[in-house]
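input.txt, holding compact mmCIF, C-alpha atoms:
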```txt
# COMPACT_ATOMS: atom_id res chain seq x y z
CA MET A 1 38.17 96.88 -35.35
CA SER A 2 36.40 96.85 -32.03
CA GLY A 3 37.20 98.60 -28.77
CA ILE A 4 36.52 95.36 -26.90
CA TYR A 5 40.11 94.25 -27.49
CA SER A 6 41.88 97.43 -26.46
CA ILE A 7 43.56 98.85 -23.40
CA PRO A 8 43.62 102.48 -22.23
CA VAL A 9 47.02 104.14 -22.53
CA TYR A 10 46.25 107.79 -21.89
CA GLY A 11 46.54 108.82 -18.25
CA LEU A 12 47.98 105.56 -16.94
CA LYS A 13 50.28 105.96 -13.95
CA GLU A 14 53.72 104.40 -13.95
CA GLN A 15 52.94 100.99 -12.53
CA GLN A 16 51.89 97.48 -13.61
CA TYR A 17 48.40 96.67 -14.87
CA THR A 18 46.72 93.39 -15.82
CA PHE A 19 43.99 93.09 -18.46
CA ASP A 20 42.13 89.86 -19.27
CA PHE A 21 40.32 89.26 -22.56
CA GLU A 22 37.99 86.40 -23.41
CA ILE A 23 38.20 85.33 -27.04
CA GLY A 24 35.32 83.46 -28.66
CA LYS A 25 33.73 82.79 -32.03
CA GLU A 26 32.78 86.46 -32.52
CA PHE A 27 36.47 87.43 -32.38
CA PHE A 28 37.42 85.15 -35.30
CA GLU A 29 34.48 86.46 -37.33
CA LEU A 30 36.29 89.82 -37.40
CA PHE A 31 38.99 88.30 -39.63
CA GLU A 32 38.13 87.25 -43.17
CA ASP A 33 39.39 83.87 -44.37
CA SER A 34 40.60 82.86 -40.92
CA GLU A 35 41.74 79.24 -40.69
CA ILE A 36 40.34 79.27 -37.16
CA SER A 37 36.56 79.08 -37.21
CA GLU A 38 36.04 79.52 -33.49
CA GLY A 39 37.73 79.17 -30.15
CA SER A 40 37.63 79.70 -26.45
CA LEU A 41 40.73 81.47 -25.22
CA VAL A 42 41.87 83.79 -22.48
CA ILE A 43 44.47 86.41 -23.27
CA THR A 44 46.17 88.05 -20.32
CA VAL A 45 48.06 91.29 -20.89
CA ARG A 46 50.46 92.52 -18.23
CA ALA A 47 51.29 96.13 -18.93
CA ASP A 48 54.29 97.74 -17.27
CA LYS A 49 53.81 101.50 -17.83
CA ARG A 50 56.94 103.66 -17.94
CA SER A 51 57.34 107.34 -18.80
CA THR A 52 58.49 106.66 -22.40
CA HIS A 53 56.91 103.31 -23.17
CA ILE A 54 54.65 100.45 -22.09
CA ASP A 55 56.07 96.93 -21.94
CA LEU A 56 53.34 94.39 -22.69
CA ASN A 57 53.65 90.71 -21.81
CA ILE A 58 50.83 88.82 -23.52
CA LYS A 59 49.85 85.24 -22.66
CA VAL A 60 47.54 83.24 -24.91
CA ALA A 61 45.86 80.05 -23.66
CA GLY A 62 42.82 78.09 -24.76
CA ASP A 63 41.32 75.92 -27.46
CA VAL A 64 40.66 76.70 -31.12
CA LEU A 65 38.67 74.85 -33.77
CA VAL A 66 40.86 74.24 -36.83
CA PRO A 67 40.79 71.94 -39.87
CA CYS A 68 43.00 68.86 -39.68
CA ASP A 69 45.85 69.00 -42.22
CA ARG A 70 45.35 65.28 -42.96
CA CYS A 71 41.58 64.74 -43.20
CA LEU A 72 40.24 68.34 -43.27
CA ALA A 73 37.72 67.67 -40.48
CA LEU A 74 37.48 70.33 -37.78
CA PHE A 75 38.91 69.48 -34.38
CA SER A 76 39.68 71.27 -31.12
CA LEU A 77 43.35 72.10 -30.56
CA HIS A 78 44.85 73.50 -27.36
CA VAL A 79 47.23 76.43 -27.86
CA GLU A 80 49.46 78.39 -25.50
CA GLY A 81 52.05 81.06 -26.02
CA SER A 82 53.77 84.07 -24.46
CA TYR A 83 54.67 87.17 -26.42
CA ARG A 84 56.16 90.58 -25.75
CA LEU A 85 55.24 93.88 -27.34
CA LEU A 86 56.92 97.19 -26.62
CA VAL A 87 54.76 100.29 -27.13
CA LYS A 88 56.70 103.52 -27.55
CA PHE A 89 55.18 106.96 -27.76
CA GLY A 90 56.00 109.19 -30.72
CA ARG A 91 54.56 111.49 -33.34
CA GLU A 92 52.80 108.96 -35.57
CA PHE A 93 51.75 105.33 -35.57
CA ASP A 94 54.39 102.86 -36.76
CA ASP A 95 54.12 99.09 -36.62
CA SER A 96 56.89 98.20 -39.07
CA ASP A 97 58.74 96.26 -36.34
CA PRO A 98 56.69 93.24 -35.16
CA GLU A 99 57.95 93.58 -31.57
CA ILE A 100 57.92 97.38 -31.19
CA ILE A 101 55.15 99.75 -32.17
CA THR A 102 55.08 103.51 -31.96
CA LEU A 103 51.83 105.04 -30.80
CA PRO A 104 51.02 108.76 -31.17
CA ALA A 105 51.50 110.47 -27.81
CA ASP A 106 47.91 111.78 -27.82
CA GLU A 107 46.34 108.34 -28.45
CA GLN A 108 43.73 107.33 -25.87
CA VAL A 109 43.64 103.54 -26.37
CA LEU A 110 45.75 100.80 -27.89
CA GLU A 111 43.77 98.43 -30.13
CA LEU A 112 45.16 94.91 -29.73
CA SER A 113 42.80 92.71 -31.78
CA GLN A 114 45.20 92.31 -34.74
CA PHE A 115 48.07 91.48 -32.36
CA PHE A 116 45.89 88.95 -30.51
CA TYR A 117 44.95 87.30 -33.78
CA GLU A 118 48.56 87.07 -34.93
CA TYR A 119 49.69 85.69 -31.56
CA ILE A 120 46.98 83.02 -31.66
CA LEU A 121 48.13 82.02 -35.16
CA LEU A 122 51.74 81.93 -33.97
CA SER A 123 50.66 79.59 -31.18
CA LEU A 124 49.41 77.00 -33.68
CA PRO A 125 51.75 74.11 -34.44
CA ILE A 126 53.11 73.81 -37.97
CA LYS A 127 51.28 70.51 -38.46
CA LYS A 128 47.69 70.46 -37.22
CA THR A 129 46.37 66.90 -37.13
CA HIS A 130 43.96 64.96 -34.98
CA PRO A 131 45.68 63.39 -31.99
CA ASP A 132 45.86 59.62 -31.67
CA GLY A 133 43.18 57.87 -29.64
CA ARG A 134 43.78 55.64 -26.63
CA ASP A 135 44.28 52.68 -28.96
CA GLY A 136 47.10 54.53 -30.77
CA LYS A 137 45.10 55.05 -33.95
CA SER A 138 44.47 58.44 -35.48
CA LEU A 139 41.13 60.12 -34.74
CA CYS A 140 41.00 61.44 -38.33
CA ASP A 141 37.87 60.94 -40.42
CA PRO A 142 38.13 57.26 -41.49
CA GLU A 143 36.32 57.85 -44.80
CA MET A 144 38.76 60.60 -45.79
CA ILE A 145 41.76 58.47 -44.79
CA LYS A 146 40.39 55.61 -46.92
CA LYS A 147 40.08 57.95 -49.91
CA LEU A 148 43.60 59.24 -49.36
CA GLU A 149 44.99 55.71 -49.25
CA GLU A 150 43.20 54.86 -52.52
CA HIS A 151 45.07 57.68 -54.25
CA LEU A 152 48.41 57.13 -52.56
CA ILE A 153 51.19 56.20 -54.97
CA SER A 154 53.69 53.95 -53.25
CA GLU A 155 56.62 54.23 -55.65
CA ILE A 156 57.70 57.47 -57.24
CA ASP A 157 58.90 55.52 -60.30
CA GLU A 158 55.31 54.48 -60.99
CA ALA A 159 54.14 58.06 -60.70
CA ASP A 160 56.41 59.48 -63.38
CA PRO A 161 58.87 57.55 -65.58
CA ARG A 162 60.98 60.71 -66.04
CA TRP A 163 62.46 60.02 -62.60
CA ASN A 164 64.23 56.99 -64.09
CA GLU A 165 66.15 59.24 -66.47
CA LEU A 166 67.10 61.56 -63.63
CA LYS A 167 68.34 58.61 -61.57
CA LYS A 168 70.57 57.56 -64.47
CA LEU A 169 72.14 61.04 -64.48
CA MET A 170 72.80 60.87 -60.75
CA ASN A 171 74.47 57.45 -61.02
CA ASN A 172 76.95 58.61 -63.74
```
Kindly present the structure from the file in structure tokens form.
Amino acid sequence: MSGIYSIPVYGLKEQQYTFDFEIGKEFFELFEDSEISEGSLVITVRADKRSTHIDLNIKVAGDVLVPCDRCLALFSLHVEGSYRLLVKFGREFDDSDPEIITLPADEQVLELSQFFYEYILLSLPIKKTHPDGRDGKSLCDPEMIKKLEEHLISEIDEADPRWNELKKLMNN
């Protein structure tokens, strides 16, 4: 991807380092079919360099623009999360373990954009819906909610009469 979202690893002394990254719309454009269209986040990476590895503590915080799971309208959602990544040095690159990667010993930089993207996605809640307003009502698109209610089937028996036969089997 881009070197904008990378940290130097070659020649670092054994000590702690802090790297800050600003994530915006251009970041999400790097990933095809992203459910996040844009955002404004800060990712802070604390790197604890040791002789055999680097221990990365990564904090994600900010707002992303995502579609509502209920009405499909885009809305701003605040996300936060903390993650840990251990970077070991070895002969060849290996990222088969999601928490430990092996980086070739002669590598100059560690590209973190894919990790940042995955951590942002992990920070999203399972259900992404508009919050309720001050009056306690949903801020979802009222026209979409009206259409959903028109197509809502209240009783499963009305939806498919085969359920009646299955209920008979359960009662025997």
| request: Tell me which protein, DNA and RNA residues are within 10 Å of A:Ser34, counting only C-alpha atoms, leaving out same-chain ones fewer than 4 positions away, and put them as a PyMOL selection string. | output: chain A and resi 28-30+38+66+117+121
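We find atom CA of A:Met144 and atom CA of A:Gly24 to be spaced 28.8 Å apart.
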| request: Would you work out the distance separating atom CA of A:Cys71 from atom CA of A:Cys140, expressed in Å to one decimal? | output: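 According to the coordinates, atom CA of A:Cys71 and atom CA of A:Cys140 are separated by 5.9 Å.
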| field | Residue with smallest distance to A:Phe89 - pool A:Trp163, A:Ser40, A:Pro8, A:Leu103, counting all atoms listed in the file | value |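 Closest to A:Phe89 of all the choices is A:Leu103.
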| Between atom CA of A:Ile120 and atom CA of A:Asn57, what is the distance, to one decimal in Å? | 14.2 Å
| task | Counting all atoms listed in the file, select every polymer residue within 10 Å of (47.2, 78.8, -25.9) as defined in the file's coordinates, and provide the selection as number ranges by chain. | result | A: 40-43, 59-64, 77-82, 119-124
Could you give me, as a CSV table (one decimal) with C-alpha atoms, in the coordinates of the input, the residues that sit within 8 Å of (52.6, 93.5, -12.4) in the file's coordinates, counting only C-alpha atoms?
```csv
chain,number,residue,atom,x,y,z
A,15,GLN,CA,52.9,101.0,-12.5
A,16,GLN,CA,51.9,97.5,-13.6
A,17,TYR,CA,48.4,96.7,-14.9
A,18,THR,CA,46.7,93.4,-15.8
A,46,ARG,CA,50.5,92.5,-18.2
A,47,ALA,CA,51.3,96.1,-18.9
A,48,ASP,CA,54.3,97.7,-17.3
```
| task | Just the residues within 6 Å of stretch 85-88 of chain A, please, counting all atoms listed in the file, with nothing from its chain fewer than 4 positions along; format it as a VMD selection string. | result | chain A and resid 53 to 56 99 to 102
| Which one is closest to A:Ser76: A:Pro131, A:Gly11, A:Gly3, A:Pro161? Count only C-alpha atoms. |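 For A:Ser76, the nearest of the candidates is A:Pro131.
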| Nearest candidate to A:Phe116 (options A:Leu74, A:Ile58, A:Ile7, A:Leu12; using only C-alpha atoms) |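 Closest to A:Phe116 of all the choices is A:Ile58.
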| Option closest in space to A:Ser37, from A:Glu150, A:Tyr5, A:Leu65, A:Asp95 [counting only C-alpha atoms] |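 With only C-alpha atoms as the atom set, the closest residue is A:Leu65.
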| For A:Glu22, the nearest of the candidates A:Ser113, A:Ile36, A:Arg84, A:Arg134, counting only C-alpha atoms | A:Ser113
| remark: From the list A:Lys13, A:Lys49, A:Arg91, A:Lys168, the nearest residue to A:Pro104 using all atoms listed in the file is A:Arg91
Selected stretch 89-102 of chain A, written as a JSON list (two decimals), in the first residue's frame, N, CA and C atoms:
```json
[["chain", "number", "residue", "atom", "x", "y", "z"],
["A", 89, "PHE", "N", 11.42, -10.93, 14.51],
["A", 89, "PHE", "CA", 12.32, -10.88, 13.36],
["A", 89, "PHE", "C", 12.72, -12.30, 13.00],
["A", 90, "GLY", "N", 12.71, -12.60, 11.71],
["A", 90, "GLY", "CA", 13.04, -13.94, 11.24],
["A", 90, "GLY", "C", 13.57, -13.91, 9.83],
["A", 91, "ARG", "N", 13.47, -15.04, 9.16],
["A", 91, "ARG", "CA", 14.00, -15.15, 7.79],
["A", 91, "ARG", "C", 13.03, -14.61, 6.75],
["A", 92, "GLU", "N", 11.73, -14.91, 6.92],
["A", 92, "GLU", "CA", 10.76, -14.47, 5.92],
["A", 92, "GLU", "C", 9.47, -13.99, 6.59],
["A", 93, "PHE", "N", 8.72, -13.20, 5.85],
["A", 93, "PHE", "CA", 7.48, -12.62, 6.36],
["A", 93, "PHE", "C", 6.45, -13.72, 6.63],
["A", 94, "ASP", "N", 5.78, -13.62, 7.78],
["A", 94, "ASP", "CA", 4.73, -14.57, 8.14],
["A", 94, "ASP", "C", 3.70, -13.83, 8.98],
["A", 95, "ASP", "N", 2.47, -13.80, 8.48],
["A", 95, "ASP", "CA", 1.39, -13.17, 9.24],
["A", 95, "ASP", "C", 0.24, -14.14, 9.47],
["A", 96, "SER", "N", 0.56, -15.43, 9.59],
["A", 96, "SER", "CA", -0.48, -16.45, 9.76],
["A", 96, "SER", "C", -1.15, -16.35, 11.14],
["A", 97, "ASP", "N", -0.47, -15.80, 12.13],
["A", 97, "ASP", "CA", -1.05, -15.58, 13.45],
["A", 97, "ASP", "C", -1.50, -14.11, 13.50],
["A", 98, "PRO", "N", -2.79, -13.85, 13.83],
["A", 98, "PRO", "CA", -3.26, -12.46, 13.80],
["A", 98, "PRO", "C", -2.64, -11.55, 14.86],
["A", 99, "GLU", "N", -1.99, -12.12, 15.87],
["A", 99, "GLU", "CA", -1.41, -11.31, 16.94],
["A", 99, "GLU", "C", 0.12, -11.26, 16.90],
["A", 100, "ILE", "N", 0.73, -12.12, 16.07],
["A", 100, "ILE", "CA", 2.19, -12.17, 15.97],
["A", 100, "ILE", "C", 2.56, -12.24, 14.49],
["A", 101, "ILE", "N", 3.41, -11.33, 14.06],
["A", 101, "ILE", "CA", 3.91, -11.42, 12.69],
["A", 101, "ILE", "C", 5.42, -11.55, 12.74],
["A", 102, "THR", "N", 5.95, -12.22, 11.73],
["A", 102, "THR", "CA", 7.39, -12.35, 11.59],
["A", 102, "THR", "C", 7.81, -11.48, 10.42]]
```
